[in-house]
Amino acid sequence: MYLGLDEPVRECQYNQICTRNSLPLETLGHKKKTTPRRKWQVFPGRNRFYCNGRVMMARQTGVFYLTLVLIMVTSGLFFAFDCPFLASNLTPAIPVIGGVLLFFVLGMLFRASFSDPGVLPRATPDEAADLERQIDAANGPSGPGYRPPPRTREVVINGQTVKLKYCFTCKIFRPPRASHCSLCDNCVERFDHHCPWVGNCVGKRNYRFFYLFILSLSFLTVFIFAFVITHVILRSNRTGFLSTLKDSPASVLEVVVCFFSVWSIVGLSGFHTYLISSNQTTNEDIKGLWLNKRAKDNYNPYSYGNILTNCCAALCGPLPPSLIDRRGFIQSVTPQPVSHSNGSSMYASTQLHTHMAAATPLLHSDPVMIGGGGPPFPGKSSLGVPCAASLAPSQPSLPSSMPGLGCAGDMLSLRDPDTHCHHHHFPSPEETPSPPGPMPLTLPCAAHRGHMNPAQLYDPASQDSLHEDSVRGLVKLSSV
């Protein structure tokens with residue numbers, strides 16, 4: 001069958017092909033790409049996350065900013081008003097030591113405030129339902145006036161029986177030394193306490209940084225307080241006390257702040273030093289879990305029996321990883337690609353046919369007659385190309401991924417920049433009538449009067465294996 005025109009060949013212009021809506025086969029079923037969400041965005045606890053989940057803090061952070069302001073203001077006044085005099089009259093090592101202490105204090109503060117304290121992940125609905133079935137099976141059948149026993153389990157640690165309590169919020173049996181924080185609404189492993197001064201819970205993963213923060217802050221406070229007093233005394237001996245207050249008024253403010261804060265900071269450091277040496281937590285010490293008053297054989301099963309070993313275990317042991325994976329992506333159900341024999345990865349055929357029209361735009365020109373004088377196909381548009389190309393049925397069809405046909409091997413992109421994209425309906429292969437016999441397919445050309453080899457337009461060897469593209473290209477040529 002020959003594809004020809006009943007009327008003389010007329011000059012025709014090219015229309016611009018719109019390729020903005022063209023999609024590759026791999027993305028036909030994914031027009032709307034949704035940004036994957038991270039786990040911290042749907043975290044159930046009452047926490048705040050910053051820097052895309054890298055920073056984790058409690059919701060109440062006002063006292064933390066107060067702590068930061070007090071440290072920075074007091075240290076800034078010390079370096080601005082006291083350090084110049086001390087460096088010139090005593091030793092320049094004073095501001096250096098003060099700077100190192102300040103840097104260490106801020107580093108430990110940020111590390112304790114911005115890290116995961118050891119939050120335990122909550123049970124999934126399936127895990128919670130399975131745990132409920134285990135509890136119901138252990139308790140036995142219940143009657144009308146039946147009162148279930150407390151949900152506890154017992155484990156033996158170093159010869160000491162420890163009870164594991166059930167958390168009704170997280171739907172888990174809390175491991176030993178874990179507790180639920182009412183402010184953050186999380187179960188924290190080796191829970192010590194919730195510290196508003198650092199704006200976070202203190203637990204297994206940040207306790208060492210909290211202890212190093214308060215210990216270094218104690219040294220910094222004593223250091224500033226002692227050298228501010230030294231500065232005031234030395235300057236008063238030279239110019240008098242009133243002149244010293246006029247020359248360095250900030251020294252008085254530093255003395256007042258350090259005097260009222262040094263007692264609490266040093267006392268807190270001493271208390272936590274005792275806890276570390278005995279391998280206890282603040283929560284356990286306040287409740288008195290390991291006091292001998294409860295029982296004669298009551299003792300702390302977590303202590304190593306040596307102060308040095310307890311300190312090394314708390315401060316030098318390996319840091320456990322975070323269990324909540326707050327920066328991980330939420331797993332969603334995605335369509336699985338299927339592999340075809342030609343090696344290309346494509347999605348379901350239904351999605352392919354659904355997006356076929358949008359992925360293969362056609363050109364707009366005059367209707368093309370098929371046969372000697374038959375009427376044009378209804379609802380079809382012609383491909384008014386000025387290139388003569390003759391394709392035998394044995395040769396592979398032009399793939400639809402090519403934007404168009406061009407003269408001298410160029411893309412058919414288009415001599416008329418003022419025209420717009422036109423999308424038209426074209427029939428599927430089932431709708432296209434089959435010719436009675438294999439006949440060459442001929443396209444007239446008004447720009448070139450000769451014949452052109454199809455190999456100049458595309459490379460058959462590279463396109464022969466693309467079966468789907470060949471079918472779509474044949475539909476595109478037959479629709480003209």
# chains A, B, ... in the order shown; residues from 1 in each chain; ligands from 1
call {"tool": "closest_atom_pairs", "arguments": {"of": "stretch 235-281 of chain A", "to": "stretch 74-94 of chain A", "cutoff": "7 Å", "atoms": "only C-alpha atoms", "output": "Markdown table"}}
result
| residue | atom | partner | partner_atom | distance |
| --- | --- | --- | --- | --- |
| A:Ser248 | CA | A:Phe81 | CA | 6.1 |
| A:Ala250 | CA | A:Leu77 | CA | 6.3 |
| A:Glu254 | CA | A:Thr74 | CA | 6.0 |
call {"tool": "residues_around", "arguments": {"residues": "A:Thr169", "least_positions_apart": "2", "cutoff": "10 Å", "atoms": "only C-alpha atoms", "output": "list of chain:residue names"}}
result
A:Arg122, A:Ala123, A:Tyr166, A:Cys167, A:Lys171, A:Ile172, A:His180, A:Asp185, A:Asn186, A:Cys187
call {"tool": "residues_around", "arguments": {"residues": "A:Leu275", "least_positions_apart": "3", "cutoff": "12 Å", "atoms": "only C-alpha atoms", "output": "ChimeraX atom specification"}}
result
/A:192,207-208,211,268-272,278-286,300,302-303,307,310-311,314
call {"tool": "closest_residue", "arguments": {"among": "A:Phe241, A:Phe210, A:Phe259, A:Trp197", "to": "A:Ala226", "atoms": "only C-alpha atoms"}}
result
A:Phe259
call {"tool": "residues_around", "arguments": {"residues": "A:Leu120", "least_positions_apart": "5", "cutoff": "9 Å", "atoms": "only C-alpha atoms", "output": "VMD selection string"}}
result
chain A and resid 170 174 178 186 to 189 322 to 324
call {"tool": "residues_around", "arguments": {"residues": "A:Leu106", "least_positions_apart": "2", "cutoff": "10 Å", "atoms": "only C-alpha atoms", "output": "JSON list (two decimals) with N, CA, C and O atoms, in the first residue's frame"}}
result
[["chain", "number", "residue", "atom", "x", "y", "z"],
["A", 68, "LEU", "N", 22.51, 29.83, 77.65],
["A", 68, "LEU", "CA", 23.47, 30.25, 76.62],
["A", 68, "LEU", "C", 23.80, 31.73, 76.74],
["A", 68, "LEU", "O", 24.97, 32.15, 76.60],
["A", 71, "ILE", "N", 26.11, 32.42, 79.84],
["A", 71, "ILE", "CA", 27.50, 32.00, 79.61],
["A", 71, "ILE", "C", 28.20, 32.97, 78.66],
["A", 71, "ILE", "O", 29.34, 33.41, 78.92],
["A", 72, "MET", "N", 27.54, 33.33, 77.58],
["A", 72, "MET", "CA", 28.18, 34.19, 76.58],
["A", 72, "MET", "C", 28.39, 35.61, 77.11],
["A", 72, "MET", "O", 29.44, 36.23, 76.88],
["A", 101, "LEU", "N", 38.49, 26.99, 77.87],
["A", 101, "LEU", "CA", 37.39, 26.55, 78.73],
["A", 101, "LEU", "C", 36.04, 26.91, 78.15],
["A", 101, "LEU", "O", 35.09, 26.10, 78.16],
["A", 102, "LEU", "N", 35.92, 28.12, 77.63],
["A", 102, "LEU", "CA", 34.65, 28.54, 77.04],
["A", 102, "LEU", "C", 34.30, 27.69, 75.82],
["A", 102, "LEU", "O", 33.14, 27.28, 75.65],
["A", 103, "PHE", "N", 35.28, 27.41, 74.99],
["A", 103, "PHE", "CA", 35.03, 26.60, 73.81],
["A", 103, "PHE", "C", 34.58, 25.19, 74.20],
["A", 103, "PHE", "O", 33.66, 24.62, 73.61],
["A", 104, "PHE", "N", 35.19, 24.60, 75.21],
["A", 104, "PHE", "CA", 34.81, 23.27, 75.65],
["A", 104, "PHE", "C", 33.42, 23.26, 76.28],
["A", 104, "PHE", "O", 32.63, 22.33, 76.05],
["A", 108, "MET", "N", 30.27, 21.01, 74.76],
["A", 108, "MET", "CA", 29.55, 20.02, 75.52],
["A", 108, "MET", "C", 28.07, 20.39, 75.70],
["A", 108, "MET", "O", 27.20, 19.51, 75.71],
["A", 109, "LEU", "N", 27.79, 21.68, 75.82],
["A", 109, "LEU", "CA", 26.39, 22.11, 75.93],
["A", 109, "LEU", "C", 25.61, 21.79, 74.67],
["A", 109, "LEU", "O", 24.50, 21.23, 74.73],
["A", 110, "PHE", "N", 26.16, 22.11, 73.52],
["A", 110, "PHE", "CA", 25.47, 21.83, 72.27],
["A", 110, "PHE", "C", 25.36, 20.33, 72.02],
["A", 110, "PHE", "O", 24.35, 19.86, 71.49],
["A", 111, "ARG", "N", 26.37, 19.60, 72.42],
["A", 111, "ARG", "CA", 26.32, 18.14, 72.21],
["A", 111, "ARG", "C", 25.24, 17.51, 73.08],
["A", 111, "ARG", "O", 24.55, 16.58, 72.63],
["A", 112, "ALA", "N", 25.10, 17.97, 74.31],
["A", 112, "ALA", "CA", 24.08, 17.41, 75.18],
["A", 112, "ALA", "C", 22.67, 17.88, 74.80],
["A", 112, "ALA", "O", 21.70, 17.15, 74.99],
["A", 213, "PHE", "N", 29.76, 18.95, 80.58],
["A", 213, "PHE", "CA", 29.34, 20.36, 80.49],
["A", 213, "PHE", "C", 29.30, 21.01, 81.87],
["A", 213, "PHE", "O", 29.87, 22.10, 82.06],
["A", 216, "SER", "N", 32.96, 21.27, 83.32],
["A", 216, "SER", "CA", 33.76, 22.35, 82.71],
["A", 216, "SER", "C", 33.18, 23.72, 83.02],
["A", 216, "SER", "O", 33.93, 24.69, 83.18],
["A", 217, "LEU", "N", 31.85, 23.81, 83.13],
["A", 217, "LEU", "CA", 31.24, 25.09, 83.50],
["A", 217, "LEU", "C", 31.62, 25.48, 84.93],
["A", 217, "LEU", "O", 31.79, 26.68, 85.23]]
call {"tool": "select_by_dssp", "arguments": {"residues": "stretch 33-201 of chain A", "states": "alpha helix (DSSP H)", "output": "PyMOL selection string"}}
result
chain A and resi 62-77+83-89+93-114+125-139
call {"tool": "atom_distance", "arguments": {"atom1": "atom CA of A:Gly159", "atom2": "atom CA of A:Asp297"}}
result
10.1 Å
call {"tool": "decode", "arguments": {"residues": "stretch 260-293 of chain A", "atoms": "C-alpha atoms", "output": "PDB file, in the first residue's frame"}}
result
ATOM      1  CA  PHE A 260      25.331  33.225  92.878  1.00  0.00           C
ATOM      2  CA  SER A 261      25.840  30.565  90.222  1.00  0.00           C
ATOM      3  CA  VAL A 262      29.053  28.931  91.378  1.00  0.00           C
ATOM      4  CA  TRP A 263      27.409  27.211  94.351  1.00  0.00           C
ATOM      5  CA  SER A 264      24.690  25.494  92.371  1.00  0.00           C
ATOM      6  CA  ILE A 265      26.988  24.548  89.499  1.00  0.00           C
ATOM      7  CA  VAL A 266      29.731  23.154  91.691  1.00  0.00           C
ATOM      8  CA  GLY A 267      27.187  21.352  93.869  1.00  0.00           C
ATOM      9  CA  LEU A 268      25.522  19.788  90.835  1.00  0.00           C
ATOM     10  CA  SER A 269      28.898  18.653  89.528  1.00  0.00           C
ATOM     11  CA  GLY A 270      29.713  17.016  92.846  1.00  0.00           C
ATOM     12  CA  PHE A 271      26.349  15.223  92.964  1.00  0.00           C
ATOM     13  CA  HIS A 272      26.754  13.745  89.497  1.00  0.00           C
ATOM     14  CA  THR A 273      30.325  12.762  90.305  1.00  0.00           C
ATOM     15  CA  TYR A 274      28.910  10.684  93.149  1.00  0.00           C
ATOM     16  CA  LEU A 275      26.309   9.146  90.822  1.00  0.00           C
ATOM     17  CA  ILE A 276      28.925   8.215  88.237  1.00  0.00           C
ATOM     18  CA  SER A 277      31.231   6.693  90.843  1.00  0.00           C
ATOM     19  CA  SER A 278      28.393   4.457  92.092  1.00  0.00           C
ATOM     20  CA  ASN A 279      26.875   3.853  88.615  1.00  0.00           C
ATOM     21  CA  GLN A 280      23.474   5.261  89.468  1.00  0.00           C
ATOM     22  CA  THR A 281      21.082   7.677  87.822  1.00  0.00           C
ATOM     23  CA  THR A 282      19.301  10.658  89.330  1.00  0.00           C
ATOM     24  CA  ASN A 283      15.999   8.840  88.906  1.00  0.00           C
ATOM     25  CA  GLU A 284      17.240   5.797  90.802  1.00  0.00           C
ATOM     26  CA  ASP A 285      18.831   7.868  93.565  1.00  0.00           C
ATOM     27  CA  ILE A 286      15.688   9.944  94.136  1.00  0.00           C
ATOM     28  CA  LYS A 287      13.485   6.836  94.310  1.00  0.00           C
ATOM     29  CA  GLY A 288      16.015   5.058  96.519  1.00  0.00           C
ATOM     30  CA  LEU A 289      15.835   1.823  94.556  1.00  0.00           C
ATOM     31  CA  TRP A 290      19.107   0.403  95.836  1.00  0.00           C
ATOM     32  CA  LEU A 291      18.963   1.440  99.485  1.00  0.00           C
ATOM     33  CA  ASN A 292      19.579  -1.238 102.082  1.00  0.00           C
ATOM     34  CA  LYS A 293      16.479  -0.086 103.950  1.00  0.00           C
TER      35      LYS A 293
END
